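Undergrad: If you scroll down you'll find the structure; I have some questions about it.
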Amino acid sequence: MFGLPSLSDLNIGATLPVTLLVFGACVLLVVDLFVPRDRKRVTALLTCAGIGLSLLLSLLSLGGVIELGNGDDAFTGMFRADALTEAINVATLMVALLGVLVAYDYLERTGMQRGEYYILLLFSAAGAMLMGAANNLVIVFIALELLSIPLYILSGFRRPEAASEESAMKYFLLGAFSSGFLIYGIALIYGATGTLDLQGVWDAARSIEADASTARFLGMIGAGLVLVGLGFKVAAVPFHMWTPDVYQGAPTPVVAYMSVAAKVGGFGALVRVFGMGLTGFIEGDVPAFWQDTVWIIAVLTMILGNVVAIVQGNLKRLLAYSTIAHAGYILIAVAAAASPGLADEATQSVVIYLLAYVFTNAGAFAVITAIERNDGSNTDMDALPGLAARHPWLAAAMTVFMLSLTGIPLTAGFIGKWYVFKVALQADLIAAAIVGVLTSAISAYYYLRVVWKMYFEEGPGEATVQPTLAWGIGAAAIGTLVLGVVPYILSAMARSITLAFGG
Amino acid sequence: MEDISLVTVVLMLPLVGVIPLLFVRSLTDQTIRWLSLTVSLVTFGLSLLLLRNFDQGVAGLQMAQRWEWISTDGFKISYYVGVDGISIWLVLLTTFIMPIAILASFEPVKQRVRLYYLFLLLMEWAMIGVFVAQDLFLFYVFWEVTLIPMYFLIGIWGSEDRIYAAIKFFLYTMAGSLLMLLAILWLGVQAGTFALPDIFAQINSGELNIGMNTERWLFLAFAIAFAVKVPMWPLHSWLPDAHVQAPTAGSVILAGIMLKMGTYGFVRFNLPLFPEASEYFAPLFAILAVIGIIYGAWVSYGQDNIKKLIAYSSISHLGFVMLGIFALNTTGIQGGILQMVNHGISTGGLFLMVGMLYERRHTRMMNAFGGIWRAMPLFSGLSLIIILSSMGLPGLNGFVGEFTILLGSAGSEVLSMWITAFAALGIILAAIYMLYMFNTVFMGELDKEENKRLSDLGWQEIWSLIPIIVMVFAIGLQAGYFFDYMDSSVRELAEYLGDTITASAGR
């Protein structure tokens with residue numbers, strides 16, 4: 001009954017960026033055993049090389065310069081290698097690269113330089129990439145676990161420090177719980193549609209809508225549970241509770257990486273499952289049933305994230321709430337995908353926002369990494385005064401990141417918001433768009449507070465800016481500005497994204 | 001590549017000036033000052049060429065330049081700049097005020113000099129950009145970018161409550177403009193392009209039909225952004241704080257140029273894009289403008305801080321500008337545009353004046369002075385001219401603007417006569433608070449010991465005031481020259497609005 005698929009059926013070439021990364025991580029696992037403790041630079045360099053190669057392949061493939069494999073399907077239809085996959089790859093790999101740059105010096109100076117850091121990072125990056133490439137609900141689940149489990153470990157990397165261990169424990173328990181929701185949701189969708197394949201789900205959903213079948217009810221609950229599971233990953237309200245505690249307790253470079261990577265993966269899977277599979281529930285001119293739920297969650301997320309961020313005194317907590325708020329903005333675009341004929345544009349907006357977010361958010365956490373002391377203290381607002389006088393370029397970079405998070409023009413963040421609000425207006429989600437701009441105004445307050453602490457107040461302004469960290473921050477700042485001034489790069493990357501099933 | 005338009009050169013020059021400030025480590029503070037002054041003076045010189053090349057007979061865009069910036073399937077965004085009769089004087093106002101603001105900062109600003117001039121030049125770039133941008137996206141970019149340098153100028157070099165004032169300034173104006181962002185997006189998505197002239201063309205040809213209800217909402221979304229910036233009563237509360245806390249150059253730029261971005265926005269976007277809604281809302285905005293005129297004047301009179309007095313007087317003066325614009329006729333709009341320039345010059349001068357007093361006495365309270373004329377005759381004489389110009393004395397610039405506005409509003413088809421009558425009251429009130437201030441500060445006995453030793457103006461101060469005095473007389477005596485430049489463009493706009501008004505009256 002089950003014939004062995006031939007190698008050409010697997011179409012491994014199309015999956016090269018991610019398979020290469022996983023393969024590299026496995027090899028590195030062995031190689032690292034032979035790298036002495038004081039030479040972990042080698043491991044870090046090899047990691048960078050692997051990520052760089054994979055990034056290069058993804059970029060070339062996205063730009064249409066090379067054709068990886070033949071066709072979009074790989075692993076007998078489990079894996080999709082289309083433009084969305086490549087774009088998610090690019091975002092993930094860029095943040096992974098930044099994650100290594102930001103972490104190296106920090107691990108060195110805090111005495112945590114261990115090879116497994118880099119290897120875990122590679123595995124979780126592969127997980128995020130697979131989430132964006134999933135063409136089957138089971139792959140979504142497996143990729144989610146591959147993304148999450150290394151992140152749980154990385155959160156506890158400061159062991160035996162209690163805060164870090166608590167962070168890992170909390171993340172693990174709640175993460176495992178949310179995985180339960182996801183898998184149950186997948187099961188119910190299977191129950192409703194009789195398939196796990198996204199194309200199959202889409203077809204089945206179309207006929208369910210057409211026949212007004214009772215299976216619709218099952219599909220609704222399934223979609224809801226999947227939304228809970230993935231909403232947890234991207235920290236959408238009301239599944240956001242873990243975020244501030246985990247981010248505060250985890251080592252800062254880990255947060256710089258995971259705050260973005262988990263979002264990229266989570267939203268990659270969300271647009272796959274909802275934008276591709278569940279858009280089958282669109283009936284004529286009526287948006288799919290999940291649109292209202294998603295945009296209401298988006299609105300709650302934006303409001304809660306932005307309002308609670310105002311009162312935070314710790315920078316990591318502040319940025320944690322900020323990441324919650326940004327999940328809200330992206331969710332608007334996900335909601336827009338439920339409108340007839342908008343799935344492609346909505347997905348493009350999601351991708352543009354994510355690509356813009358990579359540099360900005362990783363950069364902001366990188367600056368916190370620089371001001372953090374070896375014992376993990378000095379991450380409060382009070383650490384900022386004097387920074388502009390003592391470390392002018394560091395303060396300037398932080399200002400760029402803060403302005404980008406606020407969404408001020410000429411930064412990447414503005415372009416992201418521009419596209420998200422655009423697609424929201426196209427989908428007639430005007431209320432969500434208005435809440436979006438108003439909460440952006442609220443967010444200006446706390447982001448600018450960071451700027452005024454640095455520039456308007458006097459203080460010691462301690463920071464440890466070491467070479468690779470400086471490279472990381474510099475690259476992130478330049479990336480943020482370049483994408484803001486030449487948004488063509490973003491729109492060109494996203495332009496070819498289509499979610500395949502037309503009609 | 002095609003030729004680079006003079007407008008682009010004027011726009012980009014200040015940004016070029018930023019580069020050495022960012023990257024050349026070895027500049028001394030003095031070099032930085034002179035470098036910035038030179039950059040702003042050259043920009044001014046080139047903007048004079050803009051005036052020379054300007055064809056007064058053309059109503060549309062001149063010296064325009066258009067490069068594609070972002071173009072996706074749904075819509076096009078371009079770098080699209082140019083000047084017309086509405087914007088030409090505002091561009092010149094900007095390039096005129098900036099060297100003065102820079103010169104006036106030589107003495108007072110001693111700390112973080114590099115950063116200070118960097119922000120001033122960035123500011124100039126963004127403000128010129130606001131006035132020349134012809135693409136909604138580009139306009140929004142410049143509009144928001146102006147906030148950042150001003151935030152830093154107030155926050156770093158301001159007085160005691162500077163942080164509060166800086167954040168209030170930023171949040172107020174940003175909150176206002178975000179709804180405009182949605183309106184811009186909506187228009188752009190509907191039209192498939194963000195270029196203003198293209199959108200007009202689509203509206204005129206009926207290709208883009210906005211629909212009356214939507215038009216009113218869009219009008220309001222734009223209007224709130226601009227009304228906060230003007231500021232119109234009751235959205236003005238950020239202005240006194242920002243002015244009082246800002247350094248002198250900050251106040252000069254804020255009052256002289258930034259507030260005009262709001263009034264300019266009404267003329268550039270609200271009136272031509274939403275003519276029916278403009279007509280519908282004209283009485284409301286005119287009434288708010290008159291309330292602003294009287295309220296601003298009234299509150300000015302009650303101030304004992306000179307800077308605050310001038311800040312509130314700005315609310316009153318800009319009320320006149322708004323009234324002129326919402327008269328929706330040629331006279332009113334022309335008066336409004338000229339009054340924007342006048343206010344920039346006079347109020348800029350007044351803030352310089354306060355700055356000079358503050359440098360000497362470190363206070364801005366009126367009761368700390370008295371009889372200054374005896375100690376500083378030159379300063380007092382020049383100040384008197386500026387004060388009279390701000391009051392609207394015939395023969396000086398303020399009179400021409402306010403008089404034209406009142407003429408326009410009296411002749412307006414959409415406004416009642418009462419509005420003009422109340423507005424005229426504002427001129428009398430202006431005379432009262434201004435002369436009261438002059439009397440308290442400059443006249444009377446020189447009875448305070450500290451005031452007796454005050455030194456008169458130094459050469460930098462004289463040079464920063466002279467251009468202002470010259471312009472006060474130039475506009476006051478030769479207003480026709482200034483009106484000629486705006487005539488074609490404004491006439492076309494007013495005729496377009498007039499058609500709409502007639503059409504709706506016929507309905």
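Here's how to read the names in the structure tokens: chain A, B, ... by the order shown, residue numbers from 1 in each chain, ligand numbers from 1 in the order shown.
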DSSP says alpha helix (DSSP H) for which residues of region 257-359 of chain B? Put them as number ranges by chain?

TA: B: 259-265, 271-273, 275-301, 306-325, 330-359

Undergrad: With only C-alpha atoms considered, list every residue of chain A at most 7 Å from chain B, as a list in words.

TA: Ile408, Pro409, Leu410, Lys422, Leu425, Val437, Leu438, Ala441, Ala444, Tyr445, Tyr455, Phe456, Pro487 and Tyr488 of chain A

Undergrad: Write a file of the selected residues as a compact mmCIF listing (two decimals), in the first residue's frame, keeping N, CA and C atoms.

TA:
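And here's again19.txt as it stands now:
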```txt
# COMPACT_ATOMS: atom_id res chain seq x y z
N ILE A 408 7.73 55.35 12.97
CA ILE A 408 8.03 56.67 12.40
C ILE A 408 8.63 56.45 11.01
N PRO A 409 8.22 57.26 10.03
CA PRO A 409 8.72 57.07 8.67
C PRO A 409 10.25 57.08 8.57
N LEU A 410 10.72 56.52 7.50
CA LEU A 410 12.14 56.33 7.20
C LEU A 410 12.76 55.23 8.05
N LYS A 422 -2.78 49.15 5.32
CA LYS A 422 -3.31 49.17 3.96
C LYS A 422 -4.23 47.97 3.73
N LEU A 425 -7.49 48.20 5.59
CA LEU A 425 -8.50 49.05 4.96
C LEU A 425 -9.12 48.34 3.76
N VAL A 437 -3.78 52.53 14.78
CA VAL A 437 -3.04 53.80 14.76
C VAL A 437 -3.10 54.49 16.13
N LEU A 438 -4.22 54.35 16.82
CA LEU A 438 -4.29 55.02 18.12
C LEU A 438 -3.34 54.38 19.12
N ALA A 441 0.06 55.57 18.70
CA ALA A 441 0.32 56.84 19.39
C ALA A 441 0.65 56.59 20.85
N ALA A 444 4.13 55.43 21.27
CA ALA A 444 5.16 56.47 21.14
C ALA A 444 5.62 56.92 22.52
N TYR A 445 4.70 56.92 23.48
CA TYR A 445 5.07 57.41 24.80
C TYR A 445 6.18 56.56 25.42
N TYR A 455 18.88 60.51 26.33
CA TYR A 455 19.38 61.80 25.84
C TYR A 455 19.15 62.96 26.78
N PHE A 456 18.03 62.94 27.53
CA PHE A 456 17.68 64.13 28.29
C PHE A 456 18.14 64.06 29.74
N PRO A 487 12.03 50.88 0.77
CA PRO A 487 11.08 49.80 1.05
C PRO A 487 10.87 48.88 -0.15
N TYR A 488 11.41 49.31 -1.29
CA TYR A 488 11.30 48.48 -2.47
C TYR A 488 11.81 47.07 -2.20
```

Undergrad: Hey, what does DSSP flag as strand (DSSP E or B) within region 85-322 of chain A? Can you give it to me as a PyMOL selection string?

TA: chain A and resi 134+136+197+283+286+314

Undergrad: Using only C-alpha atoms, can you tell me which of B:Ala101, B:Val9, B:Leu120, B:Met356 comes closest to Val132 (chain B)?

TA: B:Val9

Undergrad: Using only C-alpha atoms, which protein or nucleic acid residues come within 12 Å of region 193-201 of chain A? Drop anything in the same chain fewer than 4 positions from it, and give the result as a PyMOL selection string.

TA: chain A and resi 73+76-80+133-141+183+185-189+205-209+213-220+222-223+269+271-281+499-502

Undergrad: Next, dump the selected residues to file, keeping only N, CA and C atoms, as a compact mmCIF listing (two decimals), in the first residue's frame.

TA:
```txt
# COMPACT_ATOMS: atom_id res chain seq x y z
N ASP A 73 6.48 21.50 -4.50
CA ASP A 73 6.19 20.47 -3.50
C ASP A 73 7.41 19.62 -3.21
N THR A 76 6.85 14.60 -0.75
CA THR A 76 5.53 14.11 -1.18
C THR A 76 4.40 14.98 -0.65
N GLY A 77 4.56 16.28 -0.86
CA GLY A 77 3.46 17.18 -0.56
C GLY A 77 3.37 17.62 0.89
N MET A 78 4.33 17.21 1.72
CA MET A 78 4.31 17.67 3.10
C MET A 78 4.91 19.07 3.22
N PHE A 79 5.78 19.40 2.30
CA PHE A 79 6.60 20.59 2.40
C PHE A 79 6.32 21.45 1.17
N ARG A 80 6.11 22.74 1.38
CA ARG A 80 5.93 23.64 0.23
C ARG A 80 7.12 24.58 0.16
N ALA A 133 6.98 26.53 6.00
CA ALA A 133 6.99 25.70 4.80
C ALA A 133 5.96 24.59 4.88
N ALA A 134 5.27 24.51 6.02
CA ALA A 134 4.38 23.37 6.24
C ALA A 134 3.23 23.36 5.25
N ASN A 135 3.01 22.21 4.67
CA ASN A 135 1.89 22.07 3.74
C ASN A 135 0.90 21.06 4.31
N ASN A 136 1.13 20.73 5.57
CA ASN A 136 0.36 19.67 6.19
C ASN A 136 0.29 19.99 7.67
N LEU A 137 -0.86 19.77 8.26
CA LEU A 137 -1.03 20.18 9.65
C LEU A 137 -0.08 19.47 10.60
N VAL A 138 0.28 18.24 10.27
CA VAL A 138 1.19 17.51 11.14
C VAL A 138 2.57 18.17 11.13
N ILE A 139 2.97 18.64 9.95
CA ILE A 139 4.25 19.33 9.86
C ILE A 139 4.24 20.59 10.72
N VAL A 140 3.09 21.29 10.71
CA VAL A 140 2.97 22.48 11.55
C VAL A 140 3.30 22.12 12.99
N PHE A 141 2.73 21.01 13.43
CA PHE A 141 2.94 20.63 14.82
C PHE A 141 4.39 20.24 15.09
N ILE A 183 -2.61 20.50 18.90
CA ILE A 183 -2.79 19.15 18.35
C ILE A 183 -4.25 18.75 18.39
N GLY A 185 -6.74 20.84 18.15
CA GLY A 185 -7.35 21.60 17.05
C GLY A 185 -7.12 20.92 15.72
N ILE A 186 -5.89 20.45 15.53
CA ILE A 186 -5.57 19.75 14.28
C ILE A 186 -6.45 18.51 14.14
N ALA A 187 -6.61 17.80 15.27
CA ALA A 187 -7.44 16.59 15.24
C ALA A 187 -8.87 16.94 14.83
N LEU A 188 -9.41 18.01 15.38
CA LEU A 188 -10.80 18.37 15.05
C LEU A 188 -10.92 18.80 13.59
N ILE A 189 -9.91 19.54 13.11
CA ILE A 189 -9.96 19.91 11.69
C ILE A 189 -9.93 18.66 10.83
N ALA A 205 -13.20 22.44 3.03
CA ALA A 205 -13.87 23.60 3.62
C ALA A 205 -14.82 24.23 2.61
N ARG A 206 -14.38 24.26 1.35
CA ARG A 206 -15.24 24.83 0.32
C ARG A 206 -16.55 24.05 0.22
N SER A 207 -16.45 22.72 0.25
CA SER A 207 -17.68 21.96 0.09
C SER A 207 -18.51 22.03 1.38
N ILE A 208 -17.83 22.14 2.53
CA ILE A 208 -18.58 22.29 3.78
C ILE A 208 -19.42 23.57 3.73
N GLU A 209 -18.77 24.67 3.27
CA GLU A 209 -19.49 25.94 3.17
C GLU A 209 -20.63 25.83 2.16
N SER A 213 -22.75 22.14 5.68
CA SER A 213 -22.70 20.88 6.40
C SER A 213 -22.45 21.11 7.89
N THR A 214 -22.85 20.17 8.72
CA THR A 214 -22.65 20.32 10.16
C THR A 214 -21.19 20.19 10.55
N ALA A 215 -20.39 19.68 9.63
CA ALA A 215 -18.96 19.57 9.92
C ALA A 215 -18.34 20.96 10.11
N ARG A 216 -19.06 21.98 9.66
CA ARG A 216 -18.57 23.35 9.81
C ARG A 216 -18.30 23.65 11.29
N PHE A 217 -19.20 23.14 12.13
CA PHE A 217 -19.08 23.41 13.56
C PHE A 217 -17.77 22.83 14.11
N LEU A 218 -17.48 21.61 13.68
CA LEU A 218 -16.26 20.95 14.11
C LEU A 218 -15.04 21.75 13.63
N GLY A 219 -15.14 22.20 12.36
CA GLY A 219 -14.05 22.98 11.80
C GLY A 219 -13.83 24.27 12.56
N MET A 220 -14.93 24.88 12.99
CA MET A 220 -14.80 26.13 13.75
C MET A 220 -14.04 25.91 15.04
N GLY A 222 -12.06 23.48 15.75
CA GLY A 222 -10.68 23.13 15.41
C GLY A 222 -9.87 24.36 15.10
N ALA A 223 -10.43 25.26 14.27
CA ALA A 223 -9.70 26.48 13.92
C ALA A 223 -9.42 27.31 15.18
N ALA A 269 3.29 29.88 10.28
CA ALA A 269 2.30 28.80 10.37
C ALA A 269 0.89 29.36 10.32
N VAL A 271 -0.27 32.00 8.73
CA VAL A 271 -0.72 32.30 7.38
C VAL A 271 -0.85 31.03 6.55
N ARG A 272 -0.01 30.04 6.86
CA ARG A 272 -0.18 28.77 6.14
C ARG A 272 -1.54 28.16 6.46
N VAL A 273 -1.80 27.99 7.75
CA VAL A 273 -3.02 27.28 8.13
C VAL A 273 -4.25 28.11 7.81
N PHE A 274 -4.24 29.39 8.22
CA PHE A 274 -5.45 30.19 8.03
C PHE A 274 -5.53 30.75 6.61
N GLY A 275 -4.41 31.34 6.16
CA GLY A 275 -4.44 31.96 4.84
C GLY A 275 -4.60 30.95 3.72
N MET A 276 -4.02 29.75 3.90
CA MET A 276 -4.12 28.75 2.84
C MET A 276 -5.28 27.80 3.07
N GLY A 277 -5.22 27.06 4.17
CA GLY A 277 -6.22 26.01 4.36
C GLY A 277 -7.59 26.57 4.66
N LEU A 278 -7.68 27.42 5.68
CA LEU A 278 -8.99 27.79 6.19
C LEU A 278 -9.64 28.91 5.41
N THR A 279 -8.93 29.47 4.39
CA THR A 279 -9.63 30.42 3.53
C THR A 279 -10.68 29.71 2.70
N GLY A 280 -10.67 28.39 2.74
CA GLY A 280 -11.71 27.63 2.06
C GLY A 280 -13.09 27.95 2.61
N PHE A 281 -13.13 28.50 3.81
CA PHE A 281 -14.43 28.83 4.41
C PHE A 281 -15.01 30.12 3.88
N LEU A 499 -0.68 32.33 -2.30
CA LEU A 499 -1.04 31.16 -1.52
C LEU A 499 -1.74 30.10 -2.36
N ALA A 500 -1.33 30.03 -3.58
CA ALA A 500 -1.67 28.89 -4.45
C ALA A 500 -3.14 28.65 -4.77
N PHE A 501 -3.96 28.34 -3.78
CA PHE A 501 -5.32 27.90 -4.16
C PHE A 501 -6.18 29.07 -4.54
N GLY A 502 -6.45 29.22 -5.83
CA GLY A 502 -7.26 30.36 -6.26
C GLY A 502 -8.73 30.02 -6.24
```

Undergrad: Please provide the set of residues having any atom within 12 Å of Ile386 (chain B), restricted to only C-alpha atoms, with same-chain residues fewer than 4 positions apart removed, written as number ranges by chain.

TA: B: 310, 342-354, 379-382, 390-393, 396-398, 434-435, 438, 465-473, 476

Undergrad: Write the residues of the selection above to a file with C-alpha atoms, as a compact mmCIF listing (two decimals), in the first residue's frame.

TA:
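Dumped to part25.txt:
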```
# COMPACT_ATOMS: atom_id res chain seq x y z
CA ILE B 310 3.79 85.30 22.54
CA ASN B 342 3.96 87.34 8.20
CA HIS B 343 3.42 85.43 11.37
CA GLY B 344 6.56 83.44 10.74
CA ILE B 345 8.56 86.61 10.43
CA SER B 346 7.01 88.64 13.23
CA THR B 347 6.66 85.89 15.79
CA GLY B 348 10.07 84.53 14.90
CA GLY B 349 11.34 88.01 15.66
CA LEU B 350 9.44 88.20 18.93
CA PHE B 351 10.88 84.90 20.11
CA LEU B 352 14.38 86.06 19.20
CA MET B 353 13.70 89.13 21.28
CA VAL B 354 12.65 87.11 24.30
CA PHE B 379 17.23 96.48 21.10
CA SER B 380 14.11 98.28 22.27
CA GLY B 381 13.73 100.18 19.01
CA LEU B 382 13.95 97.05 16.92
CA SER B 390 2.68 91.64 15.08
CA MET B 391 -0.11 93.97 16.20
CA GLY B 392 -0.97 94.78 12.60
CA LEU B 393 0.03 98.40 12.28
CA LEU B 396 3.95 96.86 8.30
CA ASN B 397 3.44 93.29 7.23
CA GLY B 398 0.86 92.10 9.75
CA MET B 434 1.10 93.68 22.86
CA LEU B 435 1.24 97.27 24.02
CA PHE B 438 5.76 96.66 25.59
CA LEU B 465 17.19 90.79 13.69
CA ILE B 466 17.99 92.90 10.62
CA PRO B 467 16.61 90.48 8.01
CA ILE B 468 13.40 90.28 9.99
CA ILE B 469 13.02 94.06 10.15
CA VAL B 470 13.72 94.32 6.43
CA MET B 471 11.02 91.78 5.65
CA VAL B 472 8.55 93.48 7.98
CA PHE B 473 8.81 96.62 5.88
CA GLY B 476 4.18 95.84 4.56
```

Undergrad: Using only C-alpha atoms for the distances, tell me which of A:Pro36, A:Gly407, A:Gly156, A:Gly231 is nearest to Gln113 (chain A).

TA: A:Pro36

Undergrad: Name all residues at most 6 Å from Ser124 (chain A) (count only C-alpha atoms; drop same-chain ones fewer than 5 positions away) and give them as a tab-separated table (two decimals) with N, CA and C atoms, in the first residue's frame.

TA:
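Result file follows (around-v7.tsv):
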```tsv
chain	number	residue	atom	x	y	z
A	146	LEU	N	9.90	21.58	17.13
A	146	LEU	CA	11.33	21.76	16.81
A	146	LEU	C	11.76	23.19	17.10
A	147	LEU	N	10.86	24.14	16.89
A	147	LEU	CA	11.17	25.52	17.22
A	147	LEU	C	11.21	25.71	18.73
A	150	PRO	N	14.15	23.71	21.67
A	150	PRO	CA	15.44	24.39	21.88
A	150	PRO	C	15.27	25.73	22.58
```

Undergrad: Would you work out the distance separating CA of Asp245 (chain A) from CA of Tyr118 (chain A), expressed in Å to one decimal?

TA: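 Between CA of Asp245 (chain A) and CA of Tyr118 (chain A) the gap is 23.4 Å.
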
Undergrad: Show which residues sit within 12 Å of Leu144 (chain A), as a PyMOL selection string. Count only C-alpha atoms, and ignore same-chain residues fewer than 3 positions away.

TA: chain A and resi 123-134+137-141+147-151+175-176+178-180+182-183+226+229-230+232-234+261-270

Undergrad: Find the distance between CA of Ala327 (chain B) and CA of Tyr280 (chain B) and write it in Å to one decimal.

TA: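 So the answer is 12.0 Å.
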
Undergrad: Excluding Leu328 (chain B) and residues on its chain fewer than 5 positions from it, collect all residues at most 12 Å away from it, counting only C-alpha atoms, and give them as JSON, numbers by chain.

TA: {"B": [266, 267, 270, 271, 272, 275, 276, 277, 278, 279, 280, 281, 282, 283, 285, 286, 321, 322, 323, 333, 334, 335, 336, 405, 408, 409, 410, 411, 412, 413, 414, 415, 490, 491, 492, 493, 494, 495, 496, 497, 498, 499, 500, 501]}

Undergrad: Looking at only C-alpha atoms, which of A:Ile497, A:Ile430, A:Val451, A:Leu56 is the one that sits closest to Ala335 (chain A)?

TA: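 Once distances to Ala335 (chain A) are computed over only C-alpha atoms, the minimum belongs to A:Ile430.
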
Undergrad: Rank B:Ile86, B:Ala375, B:Leu273, B:Leu196 by their smallest atom-to-atom distance to Met261 (chain B), using only C-alpha atoms, and report the top residue only.

TA: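 Using only C-alpha atoms, Met261 (chain B) sits closest to B:Ile86.
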